[in-house]
$ cat work.txt   # compact mmCIF, C-alpha atoms
# COMPACT_ATOMS: atom_id res chain seq x y z
CA MET A 1 117.41 -135.92 -49.79
CA ARG A 2 117.39 -138.40 -52.63
CA ASP A 3 119.53 -141.50 -52.20
CA THR A 4 122.27 -141.72 -54.81
CA GLY A 5 122.92 -145.44 -54.90
CA THR A 6 123.92 -148.52 -52.87
CA GLY A 7 126.98 -149.33 -50.80
CA THR A 8 129.00 -150.68 -53.72
CA GLY A 9 132.13 -148.58 -54.27
CA LEU A 10 131.92 -146.61 -51.02
CA ARG A 11 134.54 -143.92 -50.48
CA GLN A 12 135.93 -142.17 -47.43
CA GLY A 13 133.60 -139.30 -46.53
CA ASP A 14 130.46 -140.80 -48.06
CA VAL A 15 127.29 -140.49 -45.97
CA VAL A 16 125.13 -143.62 -46.06
CA SER A 17 121.81 -144.73 -44.65
CA VAL A 18 122.28 -148.19 -43.16
CA LEU A 19 120.51 -150.74 -40.98
CA LEU A 20 122.73 -151.46 -37.97
CA ASP A 21 120.36 -153.50 -35.77
CA GLY A 22 121.15 -151.39 -32.73
CA VAL A 23 124.93 -151.45 -33.10
CA GLY A 24 125.06 -147.65 -32.98
CA ALA A 25 122.97 -147.32 -29.83
CA THR A 26 126.04 -146.93 -27.60
CA VAL A 27 126.91 -143.66 -29.40
CA GLY A 28 123.34 -142.35 -29.46
CA LEU A 29 122.13 -143.66 -32.82
CA THR A 30 118.64 -144.85 -31.94
CA ASP A 31 117.06 -144.71 -35.40
CA ASP A 32 117.34 -147.66 -37.75
CA PRO A 33 118.26 -147.12 -40.50
CA CYS A 34 120.66 -144.40 -39.37
CA ARG A 35 123.03 -142.12 -41.24
CA VAL A 36 126.77 -142.53 -40.82
CA ALA A 37 129.86 -141.27 -42.62
CA ILE A 38 132.60 -143.58 -43.87
CA ILE A 39 135.78 -142.75 -41.93
CA SER A 40 138.04 -145.61 -43.04
CA GLN A 41 140.31 -144.94 -45.99
CA THR A 42 138.79 -145.82 -49.35
CA CYS A 43 141.39 -148.53 -50.02
CA ASP A 44 140.53 -150.23 -46.72
CA VAL A 45 136.81 -150.05 -47.47
CA ALA A 46 137.37 -151.74 -50.82
CA GLN A 47 139.46 -154.63 -49.46
CA ARG A 48 137.16 -157.50 -48.55
CA SER A 49 139.96 -159.09 -46.52
CA LYS A 50 139.33 -156.36 -43.95
CA PRO A 51 135.93 -157.21 -42.47
CA TYR A 52 135.29 -154.00 -40.54
CA CYS A 53 134.88 -150.34 -41.46
CA LEU A 54 135.13 -147.28 -39.22
CA VAL A 55 132.09 -145.02 -39.41
CA ALA A 56 130.83 -142.00 -37.47
CA PRO A 57 127.38 -140.47 -36.94
CA ALA A 58 126.60 -137.97 -39.71
CA GLU A 59 124.18 -135.07 -39.64
CA GLN A 60 123.30 -131.87 -41.42
CA ILE A 61 123.78 -128.63 -39.49
CA ASP A 62 122.77 -125.01 -40.02
CA SER A 63 124.96 -122.58 -41.95
CA GLY A 64 126.24 -120.63 -38.93
CA TYR A 65 127.33 -123.74 -37.07
CA HIS A 66 128.83 -125.13 -40.26
CA ARG A 67 131.00 -122.05 -40.72
CA ALA A 68 132.31 -122.54 -37.17
CA VAL A 69 133.13 -126.17 -37.97
CA LEU A 70 134.94 -125.17 -41.17
CA LYS A 71 137.12 -122.79 -39.12
CA GLY A 72 138.11 -125.60 -36.75
CA ARG A 73 136.13 -124.48 -33.71
CA LYS A 74 134.69 -127.99 -33.29
CA PRO A 75 137.70 -130.23 -34.03
CA LEU A 76 135.83 -133.52 -33.57
CA LEU A 77 133.22 -132.52 -36.15
CA VAL A 78 134.61 -133.17 -39.62
CA PRO A 79 133.01 -131.14 -42.42
CA LEU A 80 132.25 -133.44 -45.34
CA ASP A 81 131.22 -130.71 -47.77
CA ASP A 82 131.42 -126.94 -47.93
CA ASP A 83 128.86 -124.14 -47.70
CA THR A 84 127.49 -124.83 -51.18
CA GLY A 85 126.71 -128.46 -50.28
CA GLY A 86 124.36 -130.02 -47.77
CA ARG A 87 126.45 -128.98 -44.74
CA TRP A 88 127.12 -132.54 -43.64
CA VAL A 89 129.47 -133.26 -40.73
CA ALA A 90 130.79 -136.48 -39.18
CA ASP A 91 131.16 -136.69 -35.41
CA VAL A 92 134.45 -138.62 -35.14
CA GLY A 93 134.30 -138.38 -31.37
CA ARG A 94 131.59 -141.06 -31.64
CA ALA A 95 133.27 -143.19 -34.31
CA PHE A 96 132.74 -146.97 -34.16
CA SER A 97 133.33 -150.06 -36.29
CA VAL A 98 130.71 -151.97 -38.24
CA GLY A 99 130.93 -155.14 -40.25
CA LYS A 100 131.18 -154.52 -43.99
CA ASP A 101 128.29 -156.89 -44.61
CA ALA A 102 126.00 -154.25 -43.13
CA LEU A 103 127.26 -151.71 -45.67
CA ASP A 104 126.57 -153.87 -48.71
CA SER A 105 122.93 -152.75 -48.81
CA ALA A 106 123.55 -149.23 -47.51
CA GLN A 107 122.03 -146.35 -49.45
CA VAL A 108 124.44 -143.55 -50.35
CA VAL A 109 122.93 -140.25 -49.25
CA MET A 110 125.84 -137.92 -50.07
CA ARG A 111 129.21 -138.35 -51.73
CA ALA A 112 131.91 -136.07 -50.34
CA ALA A 113 134.16 -136.60 -53.38
CA THR A 114 133.38 -137.41 -56.98
CA SER A 115 136.42 -139.70 -57.31
CA ASP A 116 139.04 -141.48 -55.22
CA HIS A 117 141.59 -138.88 -56.22
CA GLY A 118 141.73 -135.13 -56.80
CA LYS A 119 141.23 -132.14 -54.54
CA GLN A 120 137.92 -133.19 -53.01
CA ALA A 121 139.25 -136.57 -51.88
CA SER A 122 142.48 -135.01 -50.61
CA ARG A 123 140.52 -132.44 -48.61
CA ILE A 124 138.42 -135.11 -46.91
CA ARG A 125 141.50 -137.21 -46.09
CA ALA A 126 143.22 -134.18 -44.56
CA ARG A 127 140.19 -133.20 -42.49
CA ILE A 128 139.76 -136.69 -41.05
CA ALA A 129 143.49 -137.04 -40.38
CA ARG A 130 143.53 -133.66 -38.63
CA ALA A 131 140.74 -134.72 -36.28
CA PHE A 132 142.72 -137.76 -35.12
CA GLY A 133 146.23 -136.28 -35.35
CA ARG A 134 146.08 -133.13 -33.23
CA PHE A 135 149.11 -132.61 -31.00
CA PRO A 136 148.23 -132.42 -27.27
CA PHE A 137 149.86 -129.11 -26.38
CA PRO A 138 150.56 -128.99 -22.63
CA ASP A 139 147.90 -127.17 -20.64
CA GLU A 140 150.52 -124.62 -19.62
CA VAL A 141 151.25 -123.72 -23.26
CA HIS A 142 147.70 -123.37 -24.51
CA PRO A 143 146.97 -119.94 -22.89
CA VAL A 144 149.85 -118.35 -24.80
CA PHE A 145 148.08 -118.93 -28.12
CA VAL A 146 144.43 -118.44 -27.14
CA ALA A 147 144.28 -114.79 -28.25
CA LEU A 148 146.06 -115.60 -31.52
CA GLU A 149 143.75 -118.52 -32.31
CA ASP A 150 140.62 -116.55 -31.45
CA ARG A 151 141.62 -113.56 -33.60
CA LEU A 152 142.62 -115.62 -36.62
CA ARG A 153 139.53 -117.81 -36.46
CA SER A 154 137.23 -114.80 -36.13
CA LYS A 155 138.78 -113.06 -39.13
CA ALA A 156 139.36 -116.03 -41.44
CA GLY A 157 137.18 -115.95 -44.53
CA THR A 158 136.29 -112.29 -44.10
CA SER A 159 137.00 -109.48 -46.56
CA GLY A 160 139.00 -107.38 -44.08
CA ASN A 161 142.75 -106.90 -44.28
CA LEU A 162 143.62 -109.59 -41.73
CA GLY A 163 141.15 -112.07 -43.20
CA ARG A 164 142.67 -111.68 -46.66
CA VAL A 165 146.22 -112.03 -45.34
CA ILE A 166 145.35 -115.18 -43.36
CA ASP A 167 144.22 -116.75 -46.63
CA LEU A 168 147.80 -116.45 -47.94
CA ILE A 169 149.26 -118.56 -45.11
CA ASP A 170 149.57 -122.28 -45.84
CA ASP A 171 150.37 -123.63 -42.39
CA VAL A 172 151.11 -122.57 -38.81
CA ARG A 173 153.61 -124.69 -36.84
CA VAL A 174 155.11 -124.53 -33.36
CA GLY A 175 158.51 -125.73 -32.23
CA ALA A 176 159.88 -125.85 -28.69
CA ASP A 177 163.21 -126.27 -26.94
CA HIS A 178 161.26 -128.60 -24.64
CA TRP A 179 157.58 -129.26 -23.87
CA ASP A 180 157.46 -130.80 -20.42
CA SER A 181 158.59 -128.21 -17.85
CA PRO A 182 158.45 -124.45 -17.13
CA GLY A 183 160.75 -122.01 -18.89
CA ARG A 184 159.83 -123.12 -22.41
CA SER A 185 161.03 -121.17 -25.44
CA LEU A 186 158.79 -121.61 -28.48
CA THR A 187 158.99 -120.65 -32.13
CA LEU A 188 155.86 -119.97 -34.17
CA TYR A 189 156.38 -120.64 -37.88
CA LEU A 190 154.11 -119.07 -40.49
CA LEU A 191 154.58 -120.98 -43.74
CA LEU A 192 153.86 -119.28 -47.06
CA PRO A 193 154.01 -120.58 -50.63
CA SER A 194 157.23 -119.63 -52.42
CA THR A 195 155.16 -117.52 -54.83
CA GLU A 196 154.45 -115.16 -51.91
CA LEU A 197 157.81 -115.10 -50.17
CA ILE A 198 161.43 -115.30 -51.30
CA SER A 199 164.32 -116.48 -49.17
CA ALA A 200 166.10 -113.89 -47.03
CA ASP A 201 169.29 -114.76 -48.94
CA ASP A 202 167.65 -113.51 -52.14
CA CYS A 203 166.57 -110.15 -50.72
CA ASP A 204 168.19 -106.92 -51.89
CA PRO A 205 170.60 -105.82 -49.11
CA ALA A 206 170.15 -102.18 -50.14
CA TRP A 207 166.41 -102.22 -49.37
CA THR A 208 164.87 -99.26 -47.54
CA HIS A 209 161.35 -98.43 -46.33
CA GLU A 210 160.99 -95.94 -49.18
CA ARG A 211 160.37 -98.91 -51.50
CA VAL A 212 157.17 -99.85 -49.67
CA ARG A 213 154.12 -98.85 -51.63
CA GLY A 214 151.84 -96.79 -49.38
CA TRP A 215 154.39 -96.22 -46.58
CA ARG A 216 153.51 -93.25 -44.36
CA ASP A 217 155.59 -91.06 -42.10
CA GLU A 218 153.67 -92.32 -39.07
CA ASP A 219 154.75 -95.88 -39.91
CA GLY A 220 158.19 -94.86 -38.62
CA ASP A 221 160.75 -97.65 -38.65
CA GLY A 222 158.06 -100.32 -38.92
CA LEU A 223 158.58 -101.75 -35.43
CA ASP A 224 155.29 -100.61 -33.89
CA ILE A 225 152.86 -100.75 -36.82
CA PRO A 226 149.42 -102.07 -35.79
CA LEU A 227 148.45 -105.49 -37.11
CA ASP A 228 145.69 -104.28 -39.43
CA ARG A 229 148.00 -101.66 -40.93
CA MET A 230 150.64 -104.33 -41.59
CA CYS A 231 148.04 -106.40 -43.42
CA GLU A 232 147.03 -103.36 -45.45
CA LEU A 233 150.64 -102.86 -46.56
CA ILE A 234 151.12 -106.51 -47.50
CA LEU A 235 148.02 -106.46 -49.66
CA ALA A 236 149.04 -103.17 -51.30
CA ASN A 237 152.47 -104.52 -52.21
CA ARG A 238 151.48 -107.83 -53.82
CA GLY A 239 151.61 -106.45 -57.36
CA GLN A 240 147.94 -105.42 -57.37
CA GLY A 241 148.40 -101.67 -57.09
CA THR A 242 146.77 -99.16 -59.42
CA ASP A 243 150.14 -98.05 -60.80
CA GLY A 244 150.58 -101.41 -62.52
CA ARG A 245 154.00 -102.23 -61.05
CA GLY A 246 154.83 -105.81 -60.24
CA ALA A 247 155.47 -106.93 -56.70
CA ASP A 248 158.77 -105.98 -55.06
CA LEU A 249 159.61 -109.36 -53.51
CA THR A 250 162.24 -107.91 -51.17
CA THR A 251 159.65 -105.48 -49.86
CA LEU A 252 157.16 -108.30 -49.33
CA SER A 253 159.77 -110.29 -47.44
CA HIS A 254 160.34 -107.38 -45.06
CA LEU A 255 156.62 -106.76 -44.66
CA TRP A 256 155.92 -110.40 -43.82
CA GLY A 257 158.65 -110.25 -41.19
CA MET A 258 157.00 -107.16 -39.70
CA PHE A 259 153.64 -108.93 -39.80
CA GLY A 260 155.08 -111.76 -37.72
CA GLN A 261 156.39 -109.28 -35.16
CA ALA A 262 153.03 -107.50 -35.09
CA LEU A 263 151.30 -110.82 -34.31
CA LEU A 264 153.84 -111.43 -31.57
CA SER A 265 153.43 -108.00 -29.98
CA ALA A 266 149.65 -107.84 -30.15
CA LEU A 267 148.50 -111.41 -29.54
CA ILE A 268 151.29 -113.50 -27.98
CA SER A 269 153.76 -111.53 -25.84
CA PRO A 270 151.09 -110.22 -23.42
CA HIS A 271 150.34 -113.84 -22.47
CA LEU A 272 153.86 -115.06 -21.66
CA THR A 273 154.34 -116.59 -18.21
CA HIS A 274 157.02 -118.49 -16.31
CA GLU A 275 155.75 -121.57 -18.17
CA VAL A 276 156.45 -120.05 -21.60
CA VAL A 277 159.08 -117.35 -21.26
CA ARG A 278 159.78 -116.63 -24.92
CA VAL A 279 158.12 -116.95 -28.31
CA ASP A 280 159.81 -116.09 -31.59
CA VAL A 281 157.90 -115.76 -34.85
CA GLU A 282 159.47 -116.81 -38.15
CA VAL A 283 157.81 -116.36 -41.53
CA LEU A 284 159.19 -118.85 -44.05
CA SER A 285 158.41 -119.99 -47.55
CA ASP A 286 157.74 -123.64 -48.23
CA ASP A 287 161.13 -123.73 -49.98
CA ASP A 288 162.96 -122.64 -46.81
CA MET A 289 161.29 -124.99 -44.31
CA THR A 290 163.34 -128.17 -44.43
CA VAL A 291 161.78 -131.57 -43.88
CA ARG A 292 163.88 -132.06 -40.76
CA ALA A 293 162.77 -128.74 -39.30
CA TYR A 294 159.14 -129.45 -40.21
CA ARG A 295 159.24 -132.80 -38.40
CA GLY A 296 160.50 -131.00 -35.29
CA THR A 297 157.36 -128.86 -35.10
CA GLU A 298 153.71 -129.45 -34.31
CA ALA A 299 150.67 -127.97 -36.02
CA LEU A 300 148.89 -125.19 -34.23
CA ASP A 301 145.35 -126.31 -34.95
CA LEU A 302 144.65 -123.61 -37.54
CA GLN A 303 144.98 -125.51 -40.82
CA ALA A 304 141.21 -125.46 -41.09
CA LEU A 305 141.39 -121.70 -41.67
CA SER A 306 143.03 -121.99 -45.08
CA ASP A 307 141.10 -125.15 -45.86
CA ALA A 308 137.85 -123.30 -45.12
CA HIS A 309 138.22 -120.86 -47.96
CA ARG A 310 140.31 -122.80 -50.51
CA ARG A 311 137.48 -124.81 -51.96
CA THR A 312 138.45 -125.16 -55.58

$ encode --input "work.txt" --output "structure tokens"
Amino acid sequence: MRDTGTGTGLRQGDVVSVLLDGVGATVGLTDDPCRVAIISQTCDVAQRSKPYCLVAPAEQIDSGYHRAVLKGRKPLLVPLDDDTGGRWVADVGRAFSVGKDALDSAQVVMRAATSDHGKQASRIRARIARAFGRFPFPDEVHPVFVALEDRLRSKAGTSGNLGRVIDLIDDVRVGADHWDSPGRSLTLYLLLPSTELISADDCDPAWTHERVRGWRDEDGDGLDIPLDRMCELILANRGQGTDGRGADLTTLSHLWGMFGQALLSALISPHLTHEVVRVDVEVLSDDDMTVRAYRGTEALDLQALSDAHRRT
């Protein structure tokens, strides 16, 4: 790959070729020069009063492995570009500090963002922060969400009903009455943009299932609809139907609530134990999730799913 310049003006996420005189040997970097990614924030890299910079080994990987990284299956590998790029990743599990003097003559191999601001730079910041900021869910809690995480990761980015619905979810959070002893009660929050979901207070109280586009007799009262069928109904009622009608936002609110219950029934409830005795699922818009409530929750490590296929 052609070098794109020298170390002047380095940004977070840049991949550089640099002479480290053996400094990277303790993390397996035996070549000199070697390729590392800039992990420190851009403002810290630019300040000469801060003599050190955090870097991590960088490498290119094949497309299949890269897709797994984009979906969050390898949380210590930070994707620095997307499928259309060079498939560069930084291994932050082997991050180390180098003196900035060594970076002055570094050759820039790949720039992860074209500027210090904008969507590309924000995406890189979020990916690096996520790698270092994951909440350590207790070992006793993790099994409750394994099936959910596996299903969502396997379907994210696909053209199926569940894959397309996952793409509409902005964030997945978990709250608990307590974390440190058996008998936990948890709440799983699915956060949607307000363009997709209205507040329950704004819903039409006279709503009935007859207003659902595509509702079938076998769907019954909606309590036992399979997960894929729920996704099919959500997609059919988002104002994209062939009859040209706009979306019925009250209907969508009810369907999203049913989707949450379908996730609970299919992928969470079968895994409850004496350690986690209850899980509730709430689907909220970003207008309804207060800052105080948000701070009382932790991220289920699935943000990479939406990040993986929102690349504009």

$ residues_around --input "work.txt" --residues "Pro143 in chain A" --least-positions-apart "2" --cutoff "12 Å" --atoms "all atoms listed in the file" --output "list in words"
Phe137, Pro138, Asp139, Glu140, Val141, Phe145, Val146, Ala147, Leu148, Glu149, Asp150, Leu267, Ile268, Ser269, Pro270, His271, Leu272, Thr273, Glu275 and Val276 of chain A

$ closest_residue --input "work.txt" --among "A:Asp170, A:Asp204, A:Asp288, A:Asp14" --to "Leu192 in chain A" --atoms "only C-alpha atoms"
A:Asp170

$ residues_around --input "work.txt" --residues "Ala58 in chain A" --least-positions-apart "5" --cutoff "12 Å" --atoms "all atoms listed in the file" --output "mmCIF file with C-alpha atoms, keeping the file's coordinate frame"
data_model
loop_
_atom_site.group_PDB
_atom_site.id
_atom_site.type_symbol
_atom_site.label_atom_id
_atom_site.label_comp_id
_atom_site.auth_asym_id
_atom_site.auth_seq_id
_atom_site.Cartn_x
_atom_site.Cartn_y
_atom_site.Cartn_z
ATOM 1 C CA GLY A 13 133.600 -139.300 -46.530
ATOM 2 C CA ASP A 14 130.460 -140.800 -48.060
ATOM 3 C CA VAL A 15 127.290 -140.490 -45.970
ATOM 4 C CA VAL A 16 125.130 -143.620 -46.060
ATOM 5 C CA SER A 17 121.810 -144.730 -44.650
ATOM 6 C CA VAL A 18 122.280 -148.190 -43.160
ATOM 7 C CA GLY A 24 125.060 -147.650 -32.980
ATOM 8 C CA VAL A 27 126.910 -143.660 -29.400
ATOM 9 C CA GLY A 28 123.340 -142.350 -29.460
ATOM 10 C CA LEU A 29 122.130 -143.660 -32.820
ATOM 11 C CA CYS A 34 120.660 -144.400 -39.370
ATOM 12 C CA ARG A 35 123.030 -142.120 -41.240
ATOM 13 C CA VAL A 36 126.770 -142.530 -40.820
ATOM 14 C CA ALA A 37 129.860 -141.270 -42.620
ATOM 15 C CA ILE A 38 132.600 -143.580 -43.870
ATOM 16 C CA ILE A 39 135.780 -142.750 -41.930
ATOM 17 C CA LEU A 76 135.830 -133.520 -33.570
ATOM 18 C CA LEU A 77 133.220 -132.520 -36.150
ATOM 19 C CA VAL A 78 134.610 -133.170 -39.620
ATOM 20 C CA PRO A 79 133.010 -131.140 -42.420
ATOM 21 C CA LEU A 80 132.250 -133.440 -45.340
ATOM 22 C CA ASP A 81 131.220 -130.710 -47.770
ATOM 23 C CA GLY A 86 124.360 -130.020 -47.770
ATOM 24 C CA ARG A 87 126.450 -128.980 -44.740
ATOM 25 C CA TRP A 88 127.120 -132.540 -43.640
ATOM 26 C CA VAL A 89 129.470 -133.260 -40.730
ATOM 27 C CA ALA A 90 130.790 -136.480 -39.180
ATOM 28 C CA ASP A 91 131.160 -136.690 -35.410
ATOM 29 C CA VAL A 92 134.450 -138.620 -35.140
ATOM 30 C CA GLY A 93 134.300 -138.380 -31.370
ATOM 31 C CA ARG A 94 131.590 -141.060 -31.640
ATOM 32 C CA ALA A 95 133.270 -143.190 -34.310
ATOM 33 C CA VAL A 109 122.930 -140.250 -49.250
ATOM 34 C CA MET A 110 125.840 -137.920 -50.070
#

$ atom_distance --input "work.txt" --atom1 "CA of Gln47 in chain A" --atom2 "CA of Leu10 in chain A"
11.1 Å

$ closest_residue --input "work.txt" --among "A:Arg211, A:Arg295, A:Arg229, A:Arg48" --to "Asp101 in chain A" --atoms "only C-alpha atoms"
A:Arg48

$ atom_distance --input "work.txt" --atom1 "CA of Tyr294 in chain A" --atom2 "CA of Leu255 in chain A"
23.3 Å

$ atom_distance --input "work.txt" --atom1 "CA of Ser154 in chain A" --atom2 "CA of Ala68 in chain A"
9.2 Å

$ closest_residue --input "work.txt" --among "A:Ala236, A:Met289, A:Ile198, A:Leu300" --to "Gly257 in chain A" --atoms "only C-alpha atoms"
A:Ile198

$ closest_residue --input "work.txt" --among "A:Pro75, A:Ala106, A:Ile124, A:Lys155" --to "Ser40 in chain A" --atoms "all atoms listed in the file"
A:Ile124

$ closest_residue --input "work.txt" --among "A:Ile234, A:Ala266, A:Ala200, A:Ile166" --to "Arg153 in chain A" --atoms "only C-alpha atoms"
A:Ile166
